[in-house]
Amino acid sequence: MAETRRKSASEKKCRSRYGRAKPTPEKSPDQRAFSSLFSFFREKALGRSLLCLFLLLVLPALNLLLSWNQLDRFLLFCGLELLALLIIAWSLFLYRRHQNSGRKNE
């Protein structure tokens with residue numbers, strides 16, 4: 001059985017506006033390192049859990065810093081963040097649901 005091999009970034013070709021293939025520009029080592037780090041936090045379960053832990057520690061500390069140690073402001077900031085999170089989560093849910101319903105009809 002013949003093995004298929006994925007093309008590396010330097011082997012991939014882009015199509016120009018006129019249909020001709022042109023080589024993709026090489027990424028610098030810094031760009032490759034950042035994209036691999038970003039993909040780690042986006043795709044791996046450990047990366048997602050570390051990101052959530054970081055946010056759970058940093059957001060309350062930032063709220064406390066911005067509220068100047070006043071409880072009513074601290075709770076207001078926490079409530080606004082939770083409200084924003086709820087709106088974003090529902091928007092993503094509805095967007096994905098709309099995309100999936102469109103695929104079923106095709």
# chains A, B, ... in the order shown; residues from 1 in each chain; ligands from 1
>>> residues_around(residues="A:Leu66", least_positions_apart="5", cutoff="12 Å", atoms="only C-alpha atoms", output="number ranges by chain")
A: 59-61, 71-78
>>> atom_distance(atom1="atom CA of A:Phe54", atom2="atom CA of A:Arg42")
14.0 Å
>>> atom_distance(atom1="atom CA of A:Ser36", atom2="atom CA of A:Ile87")
29.7 Å
>>> atom_distance(atom1="atom CA of A:Phe38", atom2="atom CA of A:Leu55")
15.7 Å
>>> decode(residues="stretch 33-63 of chain A", atoms="N, CA and C atoms", output="PDB file, in the first residue's frame")
ATOM      1  N   ALA A  33       7.109  29.207  15.770  1.00  0.00           N
ATOM      2  CA  ALA A  33       7.015  28.930  17.194  1.00  0.00           C
ATOM      3  C   ALA A  33       5.709  29.463  17.767  1.00  0.00           C
ATOM      4  N   PHE A  34       5.310  30.668  17.354  1.00  0.00           N
ATOM      5  CA  PHE A  34       4.067  31.232  17.858  1.00  0.00           C
ATOM      6  C   PHE A  34       2.869  30.433  17.379  1.00  0.00           C
ATOM      7  N   SER A  35       2.868  30.026  16.107  1.00  0.00           N
ATOM      8  CA  SER A  35       1.720  29.279  15.593  1.00  0.00           C
ATOM      9  C   SER A  35       1.624  27.905  16.243  1.00  0.00           C
ATOM     10  N   SER A  36       2.751  27.268  16.549  1.00  0.00           N
ATOM     11  CA  SER A  36       2.693  25.972  17.225  1.00  0.00           C
ATOM     12  C   SER A  36       2.233  26.140  18.669  1.00  0.00           C
ATOM     13  N   LEU A  37       2.639  27.225  19.331  1.00  0.00           N
ATOM     14  CA  LEU A  37       2.170  27.489  20.682  1.00  0.00           C
ATOM     15  C   LEU A  37       0.682  27.811  20.683  1.00  0.00           C
ATOM     16  N   PHE A  38       0.232  28.592  19.726  1.00  0.00           N
ATOM     17  CA  PHE A  38      -1.181  28.929  19.615  1.00  0.00           C
ATOM     18  C   PHE A  38      -2.011  27.681  19.338  1.00  0.00           C
ATOM     19  N   SER A  39      -1.527  26.804  18.462  1.00  0.00           N
ATOM     20  CA  SER A  39      -2.272  25.583  18.165  1.00  0.00           C
ATOM     21  C   SER A  39      -2.296  24.646  19.373  1.00  0.00           C
ATOM     22  N   PHE A  40      -1.242  24.667  20.202  1.00  0.00           N
ATOM     23  CA  PHE A  40      -1.246  23.867  21.432  1.00  0.00           C
ATOM     24  C   PHE A  40      -2.368  24.311  22.353  1.00  0.00           C
ATOM     25  N   PHE A  41      -2.514  25.617  22.571  1.00  0.00           N
ATOM     26  CA  PHE A  41      -3.552  26.125  23.465  1.00  0.00           C
ATOM     27  C   PHE A  41      -4.945  25.978  22.856  1.00  0.00           C
ATOM     28  N   ARG A  42      -5.046  25.902  21.540  1.00  0.00           N
ATOM     29  CA  ARG A  42      -6.347  25.813  20.899  1.00  0.00           C
ATOM     30  C   ARG A  42      -6.814  24.369  20.749  1.00  0.00           C
ATOM     31  N   GLU A  43      -5.912  23.441  20.478  1.00  0.00           N
ATOM     32  CA  GLU A  43      -6.305  22.088  20.105  1.00  0.00           C
ATOM     33  C   GLU A  43      -6.157  21.056  21.215  1.00  0.00           C
ATOM     34  N   LYS A  44      -5.188  21.163  22.064  1.00  0.00           N
ATOM     35  CA  LYS A  44      -4.941  20.146  23.082  1.00  0.00           C
ATOM     36  C   LYS A  44      -5.782  20.396  24.320  1.00  0.00           C
ATOM     37  N   ALA A  45      -6.195  19.315  24.961  1.00  0.00           N
ATOM     38  CA  ALA A  45      -7.003  19.431  26.180  1.00  0.00           C
ATOM     39  C   ALA A  45      -6.179  20.062  27.309  1.00  0.00           C
ATOM     40  N   LEU A  46      -4.911  19.728  27.402  1.00  0.00           N
ATOM     41  CA  LEU A  46      -4.049  20.314  28.426  1.00  0.00           C
ATOM     42  C   LEU A  46      -3.894  21.816  28.205  1.00  0.00           C
ATOM     43  N   GLY A  47      -3.734  22.227  26.970  1.00  0.00           N
ATOM     44  CA  GLY A  47      -3.605  23.655  26.659  1.00  0.00           C
ATOM     45  C   GLY A  47      -4.870  24.419  26.989  1.00  0.00           C
ATOM     46  N   ARG A  48      -6.028  23.828  26.655  1.00  0.00           N
ATOM     47  CA  ARG A  48      -7.289  24.497  26.976  1.00  0.00           C
ATOM     48  C   ARG A  48      -7.491  24.602  28.485  1.00  0.00           C
ATOM     49  N   SER A  49      -7.136  23.542  29.221  1.00  0.00           N
ATOM     50  CA  SER A  49      -7.305  23.594  30.678  1.00  0.00           C
ATOM     51  C   SER A  49      -6.338  24.598  31.304  1.00  0.00           C
ATOM     52  N   LEU A  50      -5.120  24.705  30.797  1.00  0.00           N
ATOM     53  CA  LEU A  50      -4.181  25.706  31.304  1.00  0.00           C
ATOM     54  C   LEU A  50      -4.665  27.117  31.014  1.00  0.00           C
ATOM     55  N   LEU A  51      -5.242  27.315  29.840  1.00  0.00           N
ATOM     56  CA  LEU A  51      -5.781  28.622  29.484  1.00  0.00           C
ATOM     57  C   LEU A  51      -6.956  28.987  30.385  1.00  0.00           C
ATOM     58  N   CYS A  52      -7.836  28.038  30.658  1.00  0.00           N
ATOM     59  CA  CYS A  52      -8.971  28.293  31.555  1.00  0.00           C
ATOM     60  C   CYS A  52      -8.492  28.593  32.967  1.00  0.00           C
ATOM     61  N   LEU A  53      -7.503  27.844  33.435  1.00  0.00           N
ATOM     62  CA  LEU A  53      -6.954  28.089  34.771  1.00  0.00           C
ATOM     63  C   LEU A  53      -6.330  29.470  34.855  1.00  0.00           C
ATOM     64  N   PHE A  54      -5.605  29.858  33.823  1.00  0.00           N
ATOM     65  CA  PHE A  54      -4.997  31.180  33.777  1.00  0.00           C
ATOM     66  C   PHE A  54      -6.051  32.274  33.834  1.00  0.00           C
ATOM     67  N   LEU A  55      -7.118  32.097  33.045  1.00  0.00           N
ATOM     68  CA  LEU A  55      -8.183  33.096  33.039  1.00  0.00           C
ATOM     69  C   LEU A  55      -8.912  33.146  34.369  1.00  0.00           C
ATOM     70  N   LEU A  56      -9.106  31.994  35.004  1.00  0.00           N
ATOM     71  CA  LEU A  56      -9.781  31.976  36.304  1.00  0.00           C
ATOM     72  C   LEU A  56      -8.945  32.635  37.394  1.00  0.00           C
ATOM     73  N   LEU A  57      -7.645  32.654  37.233  1.00  0.00           N
ATOM     74  CA  LEU A  57      -6.782  33.317  38.213  1.00  0.00           C
ATOM     75  C   LEU A  57      -6.558  34.791  37.894  1.00  0.00           C
ATOM     76  N   VAL A  58      -6.446  35.120  36.633  1.00  0.00           N
ATOM     77  CA  VAL A  58      -6.095  36.482  36.241  1.00  0.00           C
ATOM     78  C   VAL A  58      -7.304  37.421  36.271  1.00  0.00           C
ATOM     79  N   LEU A  59      -8.461  36.966  35.804  1.00  0.00           N
ATOM     80  CA  LEU A  59      -9.623  37.853  35.754  1.00  0.00           C
ATOM     81  C   LEU A  59     -10.063  38.354  37.123  1.00  0.00           C
ATOM     82  N   PRO A  60     -10.177  37.511  38.150  1.00  0.00           N
ATOM     83  CA  PRO A  60     -10.522  38.073  39.459  1.00  0.00           C
ATOM     84  C   PRO A  60      -9.447  39.018  40.012  1.00  0.00           C
ATOM     85  N   ALA A  61      -8.192  38.717  39.742  1.00  0.00           N
ATOM     86  CA  ALA A  61      -7.127  39.610  40.197  1.00  0.00           C
ATOM     87  C   ALA A  61      -7.214  40.957  39.478  1.00  0.00           C
ATOM     88  N   LEU A  62      -7.504  40.921  38.200  1.00  0.00           N
ATOM     89  CA  LEU A  62      -7.665  42.161  37.446  1.00  0.00           C
ATOM     90  C   LEU A  62      -8.896  42.937  37.924  1.00  0.00           C
ATOM     91  N   ASN A  63      -9.972  42.223  38.210  1.00  0.00           N
ATOM     92  CA  ASN A  63     -11.170  42.874  38.740  1.00  0.00           C
ATOM     93  C   ASN A  63     -10.886  43.531  40.086  1.00  0.00           C
TER      94      ASN A  63
END
